[in-house]
Amino acid sequence: MSEEYESIILKTGWGLFTYFIISLCGFCTMAEAGASLIILLVAPLLACDLNYHKDDIMTMNATSSLGMAFGGLLFGVLIDTLGRRETFSVTMIVIFCGTMGLSFAQSFFLINLAVFVIGIGVAGNNAVIRIYIIEFLPSRKRGSCLAVIDFLWIVGYLTSLGMLWGLIPSVIKMQEQEWRPSSWRVLVGLGAVPALLGSCAISLLPSSPRYLLYRRQPERALAVLRQIYAINFSKHADKFEVSNIEGCIQPDDDDDDESEEIQTLKKIVCKCFLKNRQRVQKIFTLPYLRISLLSIVACCLQFPGFIWLALWNMKVLNDTQNLNEFSLLMNNNTCISNSGSVAMTFFNTCHQENNEHLQTFSLLSLSFTLSELFLIFAVDKFGRRLFLISSGLIGSMAMITFTFVTSHVIRIVLSVAILSAFAVSYTTVTLFLLENYPTALRGTIIGFARILPHLVGFFMKSFMKLPCLMTLYIASGIMIGTVITTLPIPDLTNAPLQE
């Protein structure tokens, strides 16, 4: 069935419509990245303005991770229940509402509630974008386009970092003034604008044809495919050769008829709950049990994410700058990496920003873009498994070598290699996850696979306090562990999506 649908997708061509979908999804993922970064930069300013303790800053960051864990599960289920495009718009609205709520929040409880809501929206948006776009693409372009989305996420957070940092000096100067046209609330409000624009623009997107076929709506699915063909080839939709697409995707065995509007709300809710429970049972039964467990462990090992891994690397790099090999190995207590110090690295005090750390952070973050650019041009040619193994070996070796060199320049090069390897690993693991599940289960598995990493991130942000040497060894083991865990999962490079 999947081969037949793949041939139909190829007939729709590659053109203006495809670029439009990629561009709009890219804009939404950039808005998501900006919302993720706002919490990190605004939390210290917020604490200074409202006289909160340093530990309260970490509480806000940990609350964000907790919201992401809940949001991943919630929207993972909704993606398969409500549809891709419908959930897409909801996630952007949730991000907007959470961000605006944070801008107007006055108490510590309301601030954390807003941060929690932002986390829910960010996790849901991250999942739905990748599922939505991968279902429109032919097999030979899936890997490169997903790398484009991850690349634009990184561009979004770097752009937001630059814009926010340009406004932070004026925010600091006006902290004590009664009338403040520039404050952390203004920064948060500005961060909500892209999410609002994205939620409006999503109305221009069509529903996923795969999902429509799964929900027994072949006429609507065929209309979407004809629309794609007409725009890509600049021809009339009636010239599309395919007229019957029933049977290409396994439909829902117990789908609701649109005429069943007379059902009570209680029956509808009970039926949705039952179907969601059945989806969860499917991903934990054969033939998906082994892949599900491996995928959940692999995602868990990638718990730091892009931003926090770069922050940790910057902290370790700066703290070991004046330490030689002997000092790092024998007097490791001179360098303690804890989440509180990591979160405060951008500010020396409430009245002075740390420009040197910002420059280091920006330089290291550019490593992510280099690796994603490489994936864009090569991941569909050489396969996911080759990049996964290479990233694990390079990242692990770079971390071990870091402890045996004394030159600060060499340590910067090794840091670039570490972050580049992580970006490659993150994108390839996501590809493994998306390609090995059918349309009926794609959202559910993403939701469950993203619970553990965010929960681990929550506990690490709350309690992490480890010597630098130990964190390097742990991170090295995590990189190798990700490779070992993902290797048994089938590599579907240039093959039809699993159905």
# chains A, B, ... in the order shown; residues from 1 in each chain; ligands from 1

$ closest_atom_pairs --of "segment 112-158 of chain A" --to "segment 454-466 of chain A" --cutoff "12 Å" --atoms "only C-alpha atoms" --output "JSON lines"
{"residue": "A:Phe116", "atom": "CA", "partner": "A:Phe458", "partner_atom": "CA", "distance": 11.7}
{"residue": "A:Gly119", "atom": "CA", "partner": "A:His454", "partner_atom": "CA", "distance": 9.9}
{"residue": "A:Ile120", "atom": "CA", "partner": "A:His454", "partner_atom": "CA", "distance": 11.0}
{"residue": "A:Val122", "atom": "CA", "partner": "A:His454", "partner_atom": "CA", "distance": 11.8}
{"residue": "A:Ala123", "atom": "CA", "partner": "A:His454", "partner_atom": "CA", "distance": 9.3}

$ residues_around --residues "Leu164 of chain A" --least-positions-apart "6" --cutoff "12 Å" --atoms "only C-alpha atoms" --output "ChimeraX atom specification"
/A:34-35,37-42,45,156-158,170-171,182-191,346,358

$ write_last_selection --atoms "N, CA, C and O atoms" --output "mmCIF file, in the first residue's frame"
data_model
loop_
_atom_site.group_PDB
_atom_site.id
_atom_site.type_symbol
_atom_site.label_atom_id
_atom_site.label_comp_id
_atom_site.auth_asym_id
_atom_site.auth_seq_id
_atom_site.Cartn_x
_atom_site.Cartn_y
_atom_site.Cartn_z
ATOM 1 N N GLY A 34 12.041 30.709 19.008
ATOM 2 C CA GLY A 34 12.083 31.979 19.725
ATOM 3 C C GLY A 34 11.381 31.904 21.061
ATOM 4 O O GLY A 34 11.860 32.440 22.071
ATOM 5 N N ALA A 35 10.246 31.203 21.106
ATOM 6 C CA ALA A 35 9.521 31.046 22.368
ATOM 7 C C ALA A 35 10.335 30.224 23.362
ATOM 8 O O ALA A 35 10.320 30.500 24.571
ATOM 9 N N LEU A 37 13.585 30.127 23.585
ATOM 10 C CA LEU A 37 14.720 30.923 24.054
ATOM 11 C C LEU A 37 14.288 32.050 24.986
ATOM 12 O O LEU A 37 15.052 32.455 25.873
ATOM 13 N N ILE A 38 13.088 32.550 24.813
ATOM 14 C CA ILE A 38 12.604 33.671 25.627
ATOM 15 C C ILE A 38 12.675 33.342 27.118
ATOM 16 O O ILE A 38 13.124 34.146 27.930
ATOM 17 N N ILE A 39 12.258 32.125 27.471
ATOM 18 C CA ILE A 39 12.243 31.740 28.883
ATOM 19 C C ILE A 39 13.644 31.799 29.462
ATOM 20 O O ILE A 39 13.867 32.286 30.569
ATOM 21 N N LEU A 40 14.622 31.323 28.692
ATOM 22 C CA LEU A 40 16.001 31.286 29.176
ATOM 23 C C LEU A 40 16.546 32.678 29.442
ATOM 24 O O LEU A 40 17.179 32.938 30.479
ATOM 25 N N LEU A 41 16.319 33.618 28.526
ATOM 26 C CA LEU A 41 16.888 34.960 28.661
ATOM 27 C C LEU A 41 16.061 35.865 29.560
ATOM 28 O O LEU A 41 16.606 36.734 30.241
ATOM 29 N N VAL A 42 14.748 35.658 29.569
ATOM 30 C CA VAL A 42 13.878 36.544 30.328
ATOM 31 C C VAL A 42 13.877 36.194 31.812
ATOM 32 O O VAL A 42 13.713 37.076 32.660
ATOM 33 N N LEU A 45 16.117 38.354 34.016
ATOM 34 C CA LEU A 45 15.602 39.720 34.064
ATOM 35 C C LEU A 45 14.342 39.790 34.916
ATOM 36 O O LEU A 45 14.154 40.729 35.696
ATOM 37 N N GLY A 156 16.177 30.231 13.811
ATOM 38 C CA GLY A 156 15.191 30.978 14.582
ATOM 39 C C GLY A 156 15.696 31.333 15.971
ATOM 40 O O GLY A 156 15.520 32.462 16.428
ATOM 41 N N TYR A 157 16.322 30.391 16.631
ATOM 42 C CA TYR A 157 16.779 30.695 17.983
ATOM 43 C C TYR A 157 18.012 31.598 17.975
ATOM 44 O O TYR A 157 18.188 32.441 18.858
ATOM 45 N N LEU A 158 18.862 31.493 16.953
ATOM 46 C CA LEU A 158 19.993 32.419 16.844
ATOM 47 C C LEU A 158 19.513 33.831 16.513
ATOM 48 O O LEU A 158 20.045 34.820 17.040
ATOM 49 N N SER A 170 18.805 48.145 26.971
ATOM 50 C CA SER A 170 17.813 49.165 27.309
ATOM 51 C C SER A 170 16.883 48.683 28.412
ATOM 52 O O SER A 170 16.415 49.470 29.242
ATOM 53 N N VAL A 171 16.626 47.371 28.456
ATOM 54 C CA VAL A 171 15.805 46.816 29.535
ATOM 55 C C VAL A 171 16.504 46.985 30.871
ATOM 56 O O VAL A 171 15.895 47.370 31.878
ATOM 57 N N SER A 182 10.716 49.857 27.633
ATOM 58 C CA SER A 182 11.458 48.636 27.315
ATOM 59 C C SER A 182 11.671 47.854 28.602
ATOM 60 O O SER A 182 12.323 48.329 29.518
ATOM 61 N N SER A 183 11.087 46.660 28.673
ATOM 62 C CA SER A 183 11.228 45.818 29.860
ATOM 63 C C SER A 183 11.142 44.358 29.433
ATOM 64 O O SER A 183 10.904 44.054 28.255
ATOM 65 N N TRP A 184 11.310 43.450 30.393
ATOM 66 C CA TRP A 184 11.226 42.040 30.045
ATOM 67 C C TRP A 184 9.824 41.675 29.558
ATOM 68 O O TRP A 184 9.666 40.768 28.735
ATOM 69 N N ARG A 185 8.818 42.411 30.012
ATOM 70 C CA ARG A 185 7.451 42.151 29.542
ATOM 71 C C ARG A 185 7.304 42.513 28.066
ATOM 72 O O ARG A 185 6.583 41.847 27.315
ATOM 73 N N VAL A 186 7.974 43.586 27.661
ATOM 74 C CA VAL A 186 7.950 43.973 26.239
ATOM 75 C C VAL A 186 8.642 42.906 25.398
ATOM 76 O O VAL A 186 8.159 42.547 24.309
ATOM 77 N N LEU A 187 9.770 42.382 25.898
ATOM 78 C CA LEU A 187 10.486 41.337 25.164
ATOM 79 C C LEU A 187 9.597 40.114 24.966
ATOM 80 O O LEU A 187 9.549 39.534 23.880
ATOM 81 N N VAL A 188 8.908 39.713 26.027
ATOM 82 C CA VAL A 188 8.032 38.544 25.936
ATOM 83 C C VAL A 188 6.881 38.812 24.971
ATOM 84 O O VAL A 188 6.514 37.948 24.149
ATOM 85 N N GLY A 189 6.296 40.013 25.027
ATOM 86 C CA GLY A 189 5.213 40.358 24.122
ATOM 87 C C GLY A 189 5.643 40.323 22.668
ATOM 88 O O GLY A 189 4.900 39.846 21.794
ATOM 89 N N LEU A 190 6.850 40.810 22.392
ATOM 90 C CA LEU A 190 7.369 40.759 21.024
ATOM 91 C C LEU A 190 7.560 39.313 20.569
ATOM 92 O O LEU A 190 7.356 38.989 19.397
ATOM 93 N N GLY A 191 7.968 38.453 21.515
ATOM 94 C CA GLY A 191 8.158 37.047 21.160
ATOM 95 C C GLY A 191 6.871 36.331 20.810
ATOM 96 O O GLY A 191 6.892 35.274 20.169
ATOM 97 N N PHE A 346 24.602 34.433 31.136
ATOM 98 C CA PHE A 346 24.471 35.604 30.274
ATOM 99 C C PHE A 346 24.524 36.918 31.053
ATOM 100 O O PHE A 346 24.566 37.986 30.445
ATOM 101 N N LEU A 358 27.989 35.610 25.668
ATOM 102 C CA LEU A 358 27.074 35.629 24.535
ATOM 103 C C LEU A 358 27.805 35.317 23.235
ATOM 104 O O LEU A 358 27.338 34.534 22.409
#

$ residues_around --residues "Trp153 of chain A" --least-positions-apart "6" --cutoff "12 Å" --atoms "only C-alpha atoms" --output "VMD selection string"
chain A and resid 23 25 to 37 122 125 to 126 129 to 130 146 to 147 159 to 160 305 to 307 365 368 to 369 372 423 427

$ write_last_selection --atoms "C-alpha atoms" --output "mmCIF file, in the first residue's frame"
data_model
loop_
_atom_site.group_PDB
_atom_site.id
_atom_site.type_symbol
_atom_site.label_atom_id
_atom_site.label_comp_id
_atom_site.auth_asym_id
_atom_site.auth_seq_id
_atom_site.Cartn_x
_atom_site.Cartn_y
_atom_site.Cartn_z
ATOM 1 C CA SER A 23 8.697 27.765 4.086
ATOM 2 C CA CYS A 25 6.502 25.178 8.432
ATOM 3 C CA GLY A 26 9.988 26.670 8.695
ATOM 4 C CA PHE A 27 8.569 30.010 9.834
ATOM 5 C CA CYS A 28 6.461 28.273 12.497
ATOM 6 C CA THR A 29 9.440 26.295 13.767
ATOM 7 C CA MET A 30 11.444 29.543 13.996
ATOM 8 C CA ALA A 31 8.625 31.048 16.066
ATOM 9 C CA GLU A 32 8.730 27.970 18.302
ATOM 10 C CA ALA A 33 12.503 28.342 18.743
ATOM 11 C CA GLY A 34 12.083 31.979 19.725
ATOM 12 C CA ALA A 35 9.521 31.046 22.368
ATOM 13 C CA SER A 36 11.887 28.403 23.763
ATOM 14 C CA LEU A 37 14.720 30.923 24.054
ATOM 15 C CA VAL A 122 6.453 24.215 22.096
ATOM 16 C CA ASN A 125 4.426 22.276 17.756
ATOM 17 C CA ASN A 126 7.782 20.500 17.492
ATOM 18 C CA ILE A 129 5.446 20.215 12.213
ATOM 19 C CA ARG A 130 7.666 17.220 11.534
ATOM 20 C CA LEU A 146 13.505 17.445 7.862
ATOM 21 C CA ALA A 147 17.094 18.667 8.166
ATOM 22 C CA THR A 159 17.946 35.237 15.308
ATOM 23 C CA SER A 160 15.886 35.581 18.474
ATOM 24 C CA GLY A 305 18.233 19.497 23.498
ATOM 25 C CA PHE A 306 20.053 22.066 21.383
ATOM 26 C CA ILE A 307 19.980 25.090 23.686
ATOM 27 C CA SER A 365 25.599 27.459 18.338
ATOM 28 C CA PHE A 368 24.477 23.201 14.785
ATOM 29 C CA THR A 369 23.885 24.993 11.483
ATOM 30 C CA GLU A 372 22.365 20.490 9.550
ATOM 31 C CA ALA A 423 22.676 17.919 15.866
ATOM 32 C CA THR A 427 17.850 14.764 13.298
#

$ atom_distance --atom1 "atom CA of Phe136 of chain A" --atom2 "atom CA of Glu499 of chain A"
14.5 Å

$ closest_residue --among "A:Ile154, A:Ile9, A:Phe387, A:Ala298" --to "Leu366 of chain A" --atoms "only C-alpha atoms"
A:Ile154

$ residues_around --residues "segment 283-289 of chain A" --least-positions-apart "5" --cutoff "9 Å" --atoms "only C-alpha atoms" --output "list of chain:residue names"
A:Gln278, A:Leu294, A:Asn436, A:Tyr437, A:Leu441, A:Thr444, A:Ile445

$ atom_distance --atom1 "atom CA of Met479 of chain A" --atom2 "atom CA of Ser139 of chain A"
27.3 Å

$ residues_around --residues "segment 212-220 of chain A" --least-positions-apart "4" --cutoff "8 Å" --atoms "only C-alpha atoms" --output "list of chain:residue names"
A:Ser207, A:Ser208, A:Val224, A:Ile245, A:Glu246, A:Cys248, A:Ile249, A:Gln250, A:Pro251, A:Asp252, A:Asp255, A:Thr439, A:Ala440

$ write_last_selection --atoms "all heavy atoms" --output "mmCIF file, in the first residue's frame"
data_model
loop_
_atom_site.group_PDB
_atom_site.id
_atom_site.type_symbol
_atom_site.label_atom_id
_atom_site.label_comp_id
_atom_site.auth_asym_id
_atom_site.auth_seq_id
_atom_site.Cartn_x
_atom_site.Cartn_y
_atom_site.Cartn_z
ATOM 1 N N SER A 207 -4.990 19.885 4.528
ATOM 2 C CA SER A 207 -4.846 18.734 5.413
ATOM 3 C C SER A 207 -3.928 17.697 4.781
ATOM 4 O O SER A 207 -3.758 17.654 3.555
ATOM 5 C CB SER A 207 -6.216 18.107 5.692
ATOM 6 O OG SER A 207 -7.063 19.019 6.359
ATOM 7 N N SER A 208 -3.340 16.859 5.602
ATOM 8 C CA SER A 208 -2.450 15.813 5.111
ATOM 9 C C SER A 208 -3.245 14.761 4.346
ATOM 10 O O SER A 208 -4.195 14.175 4.897
ATOM 11 C CB SER A 208 -1.717 15.161 6.284
ATOM 12 O OG SER A 208 -1.100 13.958 5.884
ATOM 13 N N VAL A 224 -6.814 17.366 -2.411
ATOM 14 C CA VAL A 224 -5.549 17.973 -1.964
ATOM 15 C C VAL A 224 -4.424 17.599 -2.917
ATOM 16 O O VAL A 224 -3.608 18.454 -3.305
ATOM 17 C CB VAL A 224 -5.219 17.515 -0.527
ATOM 18 C CG1 VAL A 224 -3.812 17.975 -0.133
ATOM 19 C CG2 VAL A 224 -6.237 18.065 0.456
ATOM 20 N N ILE A 245 -7.771 6.673 -5.229
ATOM 21 C CA ILE A 245 -6.660 6.449 -4.295
ATOM 22 C C ILE A 245 -7.107 5.637 -3.079
ATOM 23 O O ILE A 245 -6.381 5.551 -2.087
ATOM 24 C CB ILE A 245 -6.057 7.788 -3.818
ATOM 25 C CG1 ILE A 245 -7.139 8.655 -3.158
ATOM 26 C CG2 ILE A 245 -5.398 8.519 -4.967
ATOM 27 C CD1 ILE A 245 -6.589 9.933 -2.579
ATOM 28 N N GLU A 246 -8.281 5.033 -3.155
ATOM 29 C CA GLU A 246 -8.742 4.209 -2.037
ATOM 30 C C GLU A 246 -7.865 2.968 -1.919
ATOM 31 O O GLU A 246 -7.466 2.367 -2.916
ATOM 32 C CB GLU A 246 -10.199 3.801 -2.241
ATOM 33 C CG GLU A 246 -11.170 4.965 -2.166
ATOM 34 C CD GLU A 246 -12.622 4.486 -2.141
ATOM 35 O OE1 GLU A 246 -12.897 3.547 -1.391
ATOM 36 O OE2 GLU A 246 -13.435 5.066 -2.879
ATOM 37 N N CYS A 248 -4.833 2.966 -0.597
ATOM 38 C CA CYS A 248 -3.405 3.288 -0.506
ATOM 39 C C CYS A 248 -2.916 3.305 0.938
ATOM 40 O O CYS A 248 -1.769 2.963 1.214
ATOM 41 C CB CYS A 248 -3.133 4.657 -1.142
ATOM 42 S SG CYS A 248 -3.434 4.701 -2.906
ATOM 43 N N ILE A 249 -3.777 3.720 1.843
ATOM 44 C CA ILE A 249 -3.436 3.795 3.267
ATOM 45 C C ILE A 249 -4.477 2.994 4.034
ATOM 46 O O ILE A 249 -5.679 3.090 3.746
ATOM 47 C CB ILE A 249 -3.440 5.252 3.775
ATOM 48 C CG1 ILE A 249 -2.471 6.105 2.956
ATOM 49 C CG2 ILE A 249 -3.072 5.318 5.255
ATOM 50 C CD1 ILE A 249 -1.028 5.715 3.082
ATOM 51 N N GLN A 250 -4.020 2.218 5.003
ATOM 52 C CA GLN A 250 -4.965 1.441 5.810
ATOM 53 C C GLN A 250 -5.858 2.388 6.598
ATOM 54 O O GLN A 250 -5.387 3.180 7.403
ATOM 55 C CB GLN A 250 -4.210 0.529 6.774
ATOM 56 C CG GLN A 250 -5.140 -0.345 7.602
ATOM 57 C CD GLN A 250 -4.380 -1.294 8.504
ATOM 58 O OE1 GLN A 250 -3.171 -1.388 8.441
ATOM 59 N NE2 GLN A 250 -5.118 -2.009 9.349
ATOM 60 N N PRO A 251 -7.179 2.335 6.385
ATOM 61 C CA PRO A 251 -8.086 3.281 7.049
ATOM 62 C C PRO A 251 -8.329 2.925 8.505
ATOM 63 O O PRO A 251 -7.996 1.825 8.955
ATOM 64 C CB PRO A 251 -9.371 3.163 6.228
ATOM 65 C CG PRO A 251 -9.351 1.759 5.722
ATOM 66 C CD PRO A 251 -7.895 1.429 5.483
ATOM 67 N N ASP A 252 -8.923 3.856 9.210
ATOM 68 C CA ASP A 252 -9.321 3.620 10.595
ATOM 69 C C ASP A 252 -10.407 2.547 10.600
ATOM 70 O O ASP A 252 -11.417 2.658 9.911
ATOM 71 C CB ASP A 252 -9.857 4.925 11.200
ATOM 72 C CG ASP A 252 -10.039 4.831 12.708
ATOM 73 O OD1 ASP A 252 -10.095 3.694 13.211
ATOM 74 O OD2 ASP A 252 -10.114 5.886 13.353
ATOM 75 N N ASP A 255 -13.876 4.233 12.286
ATOM 76 C CA ASP A 255 -13.964 5.683 12.113
ATOM 77 C C ASP A 255 -15.393 6.167 12.337
ATOM 78 O O ASP A 255 -16.366 5.455 12.099
ATOM 79 C CB ASP A 255 -13.502 6.053 10.704
ATOM 80 C CG ASP A 255 -13.222 7.520 10.583
ATOM 81 O OD1 ASP A 255 -12.993 8.165 11.633
ATOM 82 O OD2 ASP A 255 -13.243 8.027 9.448
ATOM 83 N N THR A 439 0.625 5.916 9.572
ATOM 84 C CA THR A 439 -0.080 7.177 9.784
ATOM 85 C C THR A 439 -0.918 7.152 11.052
ATOM 86 O O THR A 439 -1.017 8.158 11.762
ATOM 87 C CB THR A 439 -0.984 7.461 8.572
ATOM 88 O OG1 THR A 439 -0.181 7.489 7.379
ATOM 89 C CG2 THR A 439 -1.700 8.792 8.715
ATOM 90 N N ALA A 440 -1.497 6.017 11.369
ATOM 91 C CA ALA A 440 -2.375 5.919 12.536
ATOM 92 C C ALA A 440 -1.642 6.101 13.855
ATOM 93 O O ALA A 440 -2.244 6.466 14.861
ATOM 94 C CB ALA A 440 -3.081 4.564 12.528
#

$ residues_around --residues "Pro44 of chain A" --least-positions-apart "4" --cutoff "8 Å" --atoms "only C-alpha atoms" --output "ChimeraX atom specification"
/A:40,48,54,57,344,347,350

$ write_last_selection --atoms "all heavy atoms" --output "CSV table (one decimal), in the first residue's frame"
chain,number,residue,atom,x,y,z
A,40,LEU,N,14.6,31.3,28.7
A,40,LEU,CA,16.0,31.3,29.2
A,40,LEU,C,16.5,32.7,29.4
A,40,LEU,O,17.2,32.9,30.5
A,40,LEU,CB,16.9,30.6,28.2
A,40,LEU,CG,18.3,30.4,28.5
A,40,LEU,CD1,18.5,29.4,29.7
A,40,LEU,CD2,19.1,29.9,27.3
A,48,CYS,N,15.3,39.6,38.6
A,48,CYS,CA,15.8,40.9,39.0
A,48,CYS,C,14.7,41.9,39.3
A,48,CYS,O,14.7,42.7,40.2
A,48,CYS,CB,16.9,41.4,38.1
A,48,CYS,SG,18.4,40.5,38.0
A,54,LYS,N,17.8,33.2,42.9
A,54,LYS,CA,18.4,32.5,41.8
A,54,LYS,C,17.7,31.1,41.6
A,54,LYS,O,17.6,30.7,40.4
A,54,LYS,CB,19.9,32.3,42.0
A,54,LYS,CG,20.6,31.6,40.9
A,54,LYS,CD,22.1,31.6,41.1
A,54,LYS,CE,22.4,30.7,42.3
A,54,LYS,NZ,23.9,30.5,42.4
A,57,ILE,N,14.8,31.1,39.3
A,57,ILE,CA,15.0,31.0,37.9
A,57,ILE,C,15.0,29.6,37.4
A,57,ILE,O,14.5,29.3,36.3
A,57,ILE,CB,16.4,31.7,37.6
A,57,ILE,CG1,16.3,33.2,38.0
A,57,ILE,CG2,16.7,31.6,36.1
A,57,ILE,CD1,17.7,33.9,37.9
A,344,MET,N,22.5,31.4,34.5
A,344,MET,CA,22.9,32.7,34.8
A,344,MET,C,24.1,33.2,34.0
A,344,MET,O,24.6,34.3,34.3
A,344,MET,CB,23.1,32.9,36.3
A,344,MET,CG,21.9,32.8,37.1
A,344,MET,SD,20.7,34.1,36.8
A,344,MET,CE,21.6,35.5,37.4
A,347,PHE,N,24.5,36.9,32.4
A,347,PHE,CA,24.5,38.1,33.2
A,347,PHE,C,25.5,38.0,34.3
A,347,PHE,O,25.6,36.9,35.0
A,347,PHE,CB,23.1,38.3,33.8
A,347,PHE,CG,22.0,38.5,32.7
A,347,PHE,CD1,21.3,37.4,32.2
A,347,PHE,CD2,21.7,39.8,32.3
A,347,PHE,CE1,20.3,37.6,31.3
A,347,PHE,CE2,20.7,40.0,31.3
A,347,PHE,CZ,20.0,38.9,30.8
A,350,CYS,N,22.5,41.8,38.0
A,350,CYS,CA,21.2,42.3,37.5
A,350,CYS,C,21.4,43.6,36.6
A,350,CYS,O,20.5,43.9,35.9
A,350,CYS,CB,20.3,42.6,38.6
A,350,CYS,SG,19.6,41.1,39.4

$ closest_residue --among "A:Pro438, A:Gly198, A:Gly392, A:Gly383" --to "Arg140 of chain A" --atoms "only C-alpha atoms"
A:Gly383
